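Each remark here refers to the structure printed beneath this line.
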Amino acid sequence: MLRYIYGEDLHNYPKLAKTMFTDRAIQFRDRLGWDVNVDENGQEHDQYDMLNPLYVIREEADGSHGGSMRFLPTTGRCMMHEFFLHITDGVKISSPVIWECTRFCLAPGANPQAPASLMLAGAEIMRGFGIEHFAGVFDARMVRIYRMIGASPDVLGSEGEGRDRISVGLWAFDQADY
């Protein structure tokens, strides 16, 4: 089941929230080796989780997290503006019809259909909120996943080489595709 939950409402889904933040620690710190904040409970949170983002979470039959993404409007604070503006040569992507998508996370052993279901959920958000584009930062490993599920972004800028390459991309929504 897909759930669309604002940050202020995550407390209504304690198991789902706990397993999402735990899976984020496993994916971003343990598997990818990113320098992220993990609390004493083994959960990864950052400053953007405090901004009441919209989460799309794939909930498994047992109530746990299977995969998720986090969305914030680019008209406010977001990761691209505060940490990755240099990748777009200082051009700030900010519009009410462009939202940032971050923390694409899959649970260990996730259902192989989880990435595609999350991308379809993203399309639902675009349609429901009148969003024309998602923008996000991604590393080289995600290029294959995006290609595999037919959701490759337009790359606006990149830095680094090989596995260390990170990019800022823009995904468009075309009503005719859905």
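Chain identifiers are assigned as A, B, and so on, following the order in which chains appear in the structure tokens; residues are numbered from 1 within each chain, and ligands are numbered from 1 in order of appearance.
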
*Considering only C-alpha atoms, return as a ChimeraX atom specification whatever protein or nucleic-acid residues lie within 9 Å of Ser95 of chain A, sequence-local ones (same chain, fewer than 6 positions apart) excluded.*
/A:73-75

_With only C-alpha atoms as the counted atoms, please give the residues lying no more than 12 Å from Tyr6 of chain A, apart from itself and same-chain residues fewer than 5 positions off, as number ranges by chain._
A: 11-13, 17, 49-57, 69-72

_Just to confirm, what's the straight-line distance from atom CA of Gly76 of chain A to atom CA of Ser158 of chain A in Å (one decimal)?_
22.8 Å

*Which is closest to His65 of chain A among A:Arg24, A:His133, A:Arg163, A:Arg141, if we use only C-alpha atoms?*
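Using only C-alpha atoms, His65 of chain A sits closest to A:Arg24.
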
*asked:* Would you pick out the contacts of segment 105-118 of chain A at 7 Å or less, using only C-alpha atoms, so that residues sharing its chain but fewer than 4 positions from it are not included, and give the list as number ranges by chain?
replied: A: 23-24, 27, 65-69, 122, 149

Quick one: write out the picked residues with N, CA and C atoms as a tab-separated table (two decimals), in the first residue's frame?
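Full text of result-v8.tsv as output:
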chain	number	residue	atom	x	y	z
A	23	ASP	N	15.62	2.34	7.91
A	23	ASP	CA	16.06	1.93	6.58
A	23	ASP	C	16.88	3.02	5.90
A	24	ARG	N	16.56	4.28	6.16
A	24	ARG	CA	17.36	5.37	5.61
A	24	ARG	C	18.78	5.31	6.16
A	27	GLN	N	20.52	2.44	4.38
A	27	GLN	CA	20.86	2.74	2.99
A	27	GLN	C	21.92	3.82	2.87
A	65	HIS	N	8.13	-0.28	6.51
A	65	HIS	CA	8.57	0.49	5.36
A	65	HIS	C	9.15	-0.42	4.28
A	66	GLY	N	8.70	-0.22	3.04
A	66	GLY	CA	9.28	-0.94	1.91
A	66	GLY	C	10.07	-0.03	0.99
A	67	GLY	N	9.77	1.25	1.04
A	67	GLY	CA	10.45	2.25	0.22
A	67	GLY	C	9.79	3.60	0.43
A	68	SER	N	10.51	4.67	0.13
A	68	SER	CA	9.95	6.00	0.37
A	68	SER	C	10.70	7.08	-0.40
A	69	MET	N	10.06	8.24	-0.46
A	69	MET	CA	10.64	9.46	-1.01
A	69	MET	C	10.09	10.62	-0.19
A	122	GLY	N	4.93	9.34	-7.28
A	122	GLY	CA	5.41	10.68	-7.60
A	122	GLY	C	4.56	11.33	-8.67
A	149	ILE	N	13.45	1.90	-14.63
A	149	ILE	CA	12.02	2.11	-14.41
A	149	ILE	C	11.43	3.17	-15.34

_Nearest residue to Arg58 of chain A from the set A:Arg103, A:Leu16, A:Leu10, A:Arg144 (distances using only C-alpha atoms)_ =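 So, comparing all the options, the nearest one is A:Leu16.
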
All residues 12 Å or closer to segment 136-140 of chain A, only C-alpha atoms, same chain fewer than 2 positions away omitted, as a PDB file with N, CA and C atoms, in the first residue's frame:
ATOM      1  N   PHE A  28      21.725   4.967   3.514  1.00  0.00           N
ATOM      2  CA  PHE A  28      22.593   6.103   3.269  1.00  0.00           C
ATOM      3  C   PHE A  28      23.916   6.034   4.040  1.00  0.00           C
ATOM      4  N   LEU A  32      25.759   3.146   1.440  1.00  0.00           N
ATOM      5  CA  LEU A  32      26.354   4.128   0.537  1.00  0.00           C
ATOM      6  C   LEU A  32      27.515   4.893   1.150  1.00  0.00           C
ATOM      7  N   TRP A  34      27.444   7.522   3.129  1.00  0.00           N
ATOM      8  CA  TRP A  34      27.259   8.968   3.221  1.00  0.00           C
ATOM      9  C   TRP A  34      27.458   9.424   4.660  1.00  0.00           C
ATOM     10  N   MET A  69      10.055   8.239  -0.465  1.00  0.00           N
ATOM     11  CA  MET A  69      10.640   9.460  -1.013  1.00  0.00           C
ATOM     12  C   MET A  69      10.090  10.625  -0.188  1.00  0.00           C
ATOM     13  N   ARG A  70      10.839  11.728  -0.218  1.00  0.00           N
ATOM     14  CA  ARG A  70      10.436  12.926   0.530  1.00  0.00           C
ATOM     15  C   ARG A  70      10.343  14.104  -0.441  1.00  0.00           C
ATOM     16  N   PHE A  71       9.304  14.936  -0.277  1.00  0.00           N
ATOM     17  CA  PHE A  71       9.065  16.049  -1.194  1.00  0.00           C
ATOM     18  C   PHE A  71       8.916  17.364  -0.439  1.00  0.00           C
ATOM     19  N   LEU A  72       9.556  18.406  -0.989  1.00  0.00           N
ATOM     20  CA  LEU A  72       9.426  19.766  -0.464  1.00  0.00           C
ATOM     21  C   LEU A  72       9.309  20.749  -1.625  1.00  0.00           C
ATOM     22  N   PRO A  73       8.494  21.792  -1.470  1.00  0.00           N
ATOM     23  CA  PRO A  73       8.434  22.818  -2.509  1.00  0.00           C
ATOM     24  C   PRO A  73       9.787  23.532  -2.630  1.00  0.00           C
ATOM     25  N   THR A  74      10.175  23.874  -3.838  1.00  0.00           N
ATOM     26  CA  THR A  74      11.456  24.572  -4.034  1.00  0.00           C
ATOM     27  C   THR A  74      11.354  26.055  -3.722  1.00  0.00           C
ATOM     28  N   CYS A  78      15.384  23.916   0.835  1.00  0.00           N
ATOM     29  CA  CYS A  78      15.550  22.569   0.308  1.00  0.00           C
ATOM     30  C   CYS A  78      17.038  22.288   0.107  1.00  0.00           C
ATOM     31  N   MET A  79      17.351  21.025  -0.009  1.00  0.00           N
ATOM     32  CA  MET A  79      18.719  20.558  -0.078  1.00  0.00           C
ATOM     33  C   MET A  79      19.484  21.131  -1.279  1.00  0.00           C
ATOM     34  N   MET A  80      18.823  21.196  -2.430  1.00  0.00           N
ATOM     35  CA  MET A  80      19.501  21.711  -3.628  1.00  0.00           C
ATOM     36  C   MET A  80      20.016  23.122  -3.417  1.00  0.00           C
ATOM     37  N   HIS A  81      19.220  23.977  -2.764  1.00  0.00           N
ATOM     38  CA  HIS A  81      19.605  25.368  -2.564  1.00  0.00           C
ATOM     39  C   HIS A  81      20.720  25.509  -1.535  1.00  0.00           C
ATOM     40  N   GLU A  82      20.700  24.668  -0.527  1.00  0.00           N
ATOM     41  CA  GLU A  82      21.595  24.860   0.605  1.00  0.00           C
ATOM     42  C   GLU A  82      22.910  24.081   0.508  1.00  0.00           C
ATOM     43  N   PHE A  83      22.950  23.037  -0.332  1.00  0.00           N
ATOM     44  CA  PHE A  83      24.165  22.233  -0.413  1.00  0.00           C
ATOM     45  C   PHE A  83      24.676  21.981  -1.827  1.00  0.00           C
ATOM     46  N   PHE A  84      23.820  22.113  -2.813  1.00  0.00           N
ATOM     47  CA  PHE A  84      24.216  21.695  -4.159  1.00  0.00           C
ATOM     48  C   PHE A  84      24.029  22.776  -5.219  1.00  0.00           C
ATOM     49  N   LEU A  85      23.901  24.028  -4.822  1.00  0.00           N
ATOM     50  CA  LEU A  85      23.696  25.120  -5.768  1.00  0.00           C
ATOM     51  C   LEU A  85      24.868  25.247  -6.748  1.00  0.00           C
ATOM     52  N   HIS A  86      26.057  24.889  -6.311  1.00  0.00           N
ATOM     53  CA  HIS A  86      27.231  24.974  -7.189  1.00  0.00           C
ATOM     54  C   HIS A  86      27.122  24.044  -8.394  1.00  0.00           C
ATOM     55  N   ILE A  87      26.361  22.955  -8.270  1.00  0.00           N
ATOM     56  CA  ILE A  87      26.227  22.003  -9.380  1.00  0.00           C
ATOM     57  C   ILE A  87      25.420  22.613 -10.526  1.00  0.00           C
ATOM     58  N   THR A  88      24.535  23.546 -10.210  1.00  0.00           N
ATOM     59  CA  THR A  88      23.755  24.224 -11.250  1.00  0.00           C
ATOM     60  C   THR A  88      24.339  25.608 -11.546  1.00  0.00           C
ATOM     61  N   ILE A  93      16.832  26.755  -8.542  1.00  0.00           N
ATOM     62  CA  ILE A  93      15.600  26.200  -9.102  1.00  0.00           C
ATOM     63  C   ILE A  93      14.507  26.429  -8.075  1.00  0.00           C
ATOM     64  N   ILE A  98       7.582  23.369  -9.097  1.00  0.00           N
ATOM     65  CA  ILE A  98       8.734  22.467  -9.039  1.00  0.00           C
ATOM     66  C   ILE A  98       8.968  22.120  -7.575  1.00  0.00           C
ATOM     67  N   TRP A  99       8.924  20.843  -7.259  1.00  0.00           N
ATOM     68  CA  TRP A  99       9.204  20.383  -5.902  1.00  0.00           C
ATOM     69  C   TRP A  99      10.464  19.538  -5.911  1.00  0.00           C
ATOM     70  N   GLU A 100      11.194  19.595  -4.808  1.00  0.00           N
ATOM     71  CA  GLU A 100      12.387  18.773  -4.661  1.00  0.00           C
ATOM     72  C   GLU A 100      11.998  17.395  -4.124  1.00  0.00           C
ATOM     73  N   CYS A 101      12.586  16.380  -4.701  1.00  0.00           N
ATOM     74  CA  CYS A 101      12.400  15.003  -4.247  1.00  0.00           C
ATOM     75  C   CYS A 101      13.741  14.503  -3.719  1.00  0.00           C
ATOM     76  N   THR A 102      13.762  14.050  -2.473  1.00  0.00           N
ATOM     77  CA  THR A 102      14.999  13.562  -1.873  1.00  0.00           C
ATOM     78  C   THR A 102      14.733  12.286  -1.080  1.00  0.00           C
ATOM     79  N   ARG A 103      15.804  11.710  -0.609  1.00  0.00           N
ATOM     80  CA  ARG A 103      15.781  10.530   0.258  1.00  0.00           C
ATOM     81  C   ARG A 103      14.989   9.368  -0.337  1.00  0.00           C
ATOM     82  N   PHE A 104      15.185   9.131  -1.646  1.00  0.00           N
ATOM     83  CA  PHE A 104      14.635   7.936  -2.285  1.00  0.00           C
ATOM     84  C   PHE A 104      15.309   6.754  -1.604  1.00  0.00           C
ATOM     85  N   CYS A 105      14.528   5.951  -0.914  1.00  0.00           N
ATOM     86  CA  CYS A 105      15.089   4.887  -0.083  1.00  0.00           C
ATOM     87  C   CYS A 105      14.292   3.604  -0.266  1.00  0.00           C
ATOM     88  N   HIS A 133       7.318  19.671 -12.420  1.00  0.00           N
ATOM     89  CA  HIS A 133       8.634  19.032 -12.384  1.00  0.00           C
ATOM     90  C   HIS A 133       9.011  18.673 -10.946  1.00  0.00           C
ATOM     91  N   PHE A 134       9.778  17.616 -10.827  1.00  0.00           N
ATOM     92  CA  PHE A 134      10.517  17.327  -9.605  1.00  0.00           C
ATOM     93  C   PHE A 134      11.975  17.593  -9.901  1.00  0.00           C
ATOM     94  N   MET A 142      22.162   5.766  -9.020  1.00  0.00           N
ATOM     95  CA  MET A 142      20.729   5.895  -9.297  1.00  0.00           C
ATOM     96  C   MET A 142      20.431   5.976 -10.790  1.00  0.00           C
ATOM     97  N   VAL A 143      21.410   6.329 -11.605  1.00  0.00           N
ATOM     98  CA  VAL A 143      21.175   6.459 -13.041  1.00  0.00           C
ATOM     99  C   VAL A 143      20.604   5.167 -13.611  1.00  0.00           C
ATOM    100  N   ARG A 144      21.177   4.040 -13.236  1.00  0.00           N
ATOM    101  CA  ARG A 144      20.712   2.736 -13.726  1.00  0.00           C
ATOM    102  C   ARG A 144      19.287   2.451 -13.254  1.00  0.00           C
ATOM    103  N   ILE A 145      18.998   2.759 -12.006  1.00  0.00           N
ATOM    104  CA  ILE A 145      17.658   2.509 -11.462  1.00  0.00           C
ATOM    105  C   ILE A 145      16.629   3.369 -12.187  1.00  0.00           C
ATOM    106  N   TYR A 146      16.930   4.651 -12.376  1.00  0.00           N
ATOM    107  CA  TYR A 146      15.985   5.518 -13.078  1.00  0.00           C
ATOM    108  C   TYR A 146      15.748   5.026 -14.505  1.00  0.00           C
ATOM    109  N   ARG A 147      16.813   4.620 -15.182  1.00  0.00           N
ATOM    110  CA  ARG A 147      16.683   4.115 -16.548  1.00  0.00           C
ATOM    111  C   ARG A 147      15.829   2.850 -16.575  1.00  0.00           C
ATOM    112  N   SER A 152      14.196   8.485 -16.273  1.00  0.00           N
ATOM    113  CA  SER A 152      15.471   9.203 -16.305  1.00  0.00           C
ATOM    114  C   SER A 152      15.228  10.712 -16.333  1.00  0.00           C
ATOM    115  N   PRO A 153      15.945  11.458 -15.502  1.00  0.00           N
ATOM    116  CA  PRO A 153      15.766  12.914 -15.463  1.00  0.00           C
ATOM    117  C   PRO A 153      16.589  13.611 -16.542  1.00  0.00           C
ATOM    118  N   ASP A 154      16.266  14.877 -16.778  1.00  0.00           N
ATOM    119  CA  ASP A 154      17.149  15.759 -17.539  1.00  0.00           C
ATOM    120  C   ASP A 154      18.197  16.234 -16.555  1.00  0.00           C
ATOM    121  N   VAL A 155      19.454  15.976 -16.848  1.00  0.00           N
ATOM    122  CA  VAL A 155      20.535  16.353 -15.944  1.00  0.00           C
ATOM    123  C   VAL A 155      20.873  17.826 -16.164  1.00  0.00           C
ATOM    124  N   LEU A 156      20.818  18.602 -15.087  1.00  0.00           N
ATOM    125  CA  LEU A 156      21.094  20.037 -15.150  1.00  0.00           C
ATOM    126  C   LEU A 156      22.539  20.363 -14.838  1.00  0.00           C
ATOM    127  N   GLY A 157      23.222  19.463 -14.171  1.00  0.00           N
ATOM    128  CA  GLY A 157      24.628  19.661 -13.837  1.00  0.00           C
ATOM    129  C   GLY A 157      25.135  18.479 -13.040  1.00  0.00           C
ATOM    130  N   SER A 158      26.444  18.279 -13.105  1.00  0.00           N
ATOM    131  CA  SER A 158      27.061  17.153 -12.392  1.00  0.00           C
ATOM    132  C   SER A 158      28.438  17.568 -11.895  1.00  0.00           C
ATOM    133  N   GLU A 159      28.922  16.809 -10.903  1.00  0.00           N
ATOM    134  CA  GLU A 159      30.303  16.955 -10.451  1.00  0.00           C
ATOM    135  C   GLU A 159      30.808  15.591 -10.014  1.00  0.00           C
ATOM    136  N   GLY A 160      32.115  15.397 -10.105  1.00  0.00           N
ATOM    137  CA  GLY A 160      32.716  14.142  -9.697  1.00  0.00           C
ATOM    138  C   GLY A 160      32.790  13.158 -10.847  1.00  0.00           C
ATOM    139  N   GLU A 161      33.448  12.041 -10.558  1.00  0.00           N
ATOM    140  CA  GLU A 161      33.657  11.003 -11.565  1.00  0.00           C
ATOM    141  C   GLU A 161      33.239   9.650 -11.015  1.00  0.00           C
ATOM    142  N   GLY A 162      32.903   8.743 -11.916  1.00  0.00           N
ATOM    143  CA  GLY A 162      32.595   7.364 -11.536  1.00  0.00           C
ATOM    144  C   GLY A 162      31.507   7.283 -10.494  1.00  0.00           C
ATOM    145  N   ARG A 163      31.738   6.422  -9.498  1.00  0.00           N
ATOM    146  CA  ARG A 163      30.745   6.223  -8.431  1.00  0.00           C
ATOM    147  C   ARG A 163      30.530   7.459  -7.577  1.00  0.00           C
ATOM    148  N   ASP A 164      31.490   8.377  -7.586  1.00  0.00           N
ATOM    149  CA  ASP A 164      31.385   9.592  -6.786  1.00  0.00           C
ATOM    150  C   ASP A 164      30.651  10.721  -7.502  1.00  0.00           C
ATOM    151  N   ARG A 165      30.220  10.495  -8.716  1.00  0.00           N
ATOM    152  CA  ARG A 165      29.535  11.528  -9.496  1.00  0.00           C
ATOM    153  C   ARG A 165      28.151  11.790  -8.902  1.00  0.00           C
ATOM    154  N   ILE A 166      27.858  13.062  -8.663  1.00  0.00           N
ATOM    155  CA  ILE A 166      26.520  13.455  -8.232  1.00  0.00           C
ATOM    156  C   ILE A 166      25.974  14.462  -9.240  1.00  0.00           C
ATOM    157  N   SER A 167      24.669  14.439  -9.395  1.00  0.00           N
ATOM    158  CA  SER A 167      24.016  15.287 -10.391  1.00  0.00           C
ATOM    159  C   SER A 167      22.753  15.895  -9.813  1.00  0.00           C
ATOM    160  N   VAL A 168      22.338  16.986 -10.419  1.00  0.00           N
ATOM    161  CA  VAL A 168      21.035  17.577 -10.165  1.00  0.00           C
ATOM    162  C   VAL A 168      20.215  17.314 -11.411  1.00  0.00           C
ATOM    163  N   GLY A 169      19.030  16.764 -11.219  1.00  0.00           N
ATOM    164  CA  GLY A 169      18.173  16.432 -12.348  1.00  0.00           C
ATOM    165  C   GLY A 169      16.781  16.995 -12.193  1.00  0.00           C
ATOM    166  N   LEU A 170      16.092  17.017 -13.312  1.00  0.00           N
ATOM    167  CA  LEU A 170      14.733  17.521 -13.369  1.00  0.00           C
ATOM    168  C   LEU A 170      13.866  16.483 -14.077  1.00  0.00           C
ATOM    169  N   TRP A 171      12.785  16.086 -13.421  1.00  0.00           N
ATOM    170  CA  TRP A 171      11.830  15.139 -13.987  1.00  0.00           C
ATOM    171  C   TRP A 171      10.579  15.920 -14.375  1.00  0.00           C
ATOM    172  N   ALA A 172      10.090  15.695 -15.586  1.00  0.00           N
ATOM    173  CA  ALA A 172       8.886  16.398 -16.049  1.00  0.00           C
ATOM    174  C   ALA A 172       7.672  15.502 -15.899  1.00  0.00           C
TER     175      ALA A 172
END

*Could you find all residues in chain A that DSSP calls strand (DSSP E or B) from the backbone, and write them as a VMD selection string?*
chain A and resid 2 to 6 38 44 54 to 59 65 to 73 95 98 to 106 133 to 139 154 to 159 166 to 172

_Please identify the alpha helix (DSSP H) residues within segment 16-85 of chain A (assignment by DSSP from backbone atoms) and present them as an MDAnalysis selection string._
chainID A and resid 16:24 79:83

_Quick check, in Å to one decimal: how far apart do atom CA of Phe21 of chain A and atom CA of Met119 of chain A lie?_
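Interatomic distance here is 19.5 Å.
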
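In this structure, atom CA of Ile131 of chain A sits 4.4 Å away from atom CA of Val97 of chain A.
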
*Using only C-alpha atoms, pick whichever of A:Ala135, A:Ala123, A:Leu2, A:Ala151 has the shortest atom-to-atom distance to Glu59 of chain A.*
A:Leu2
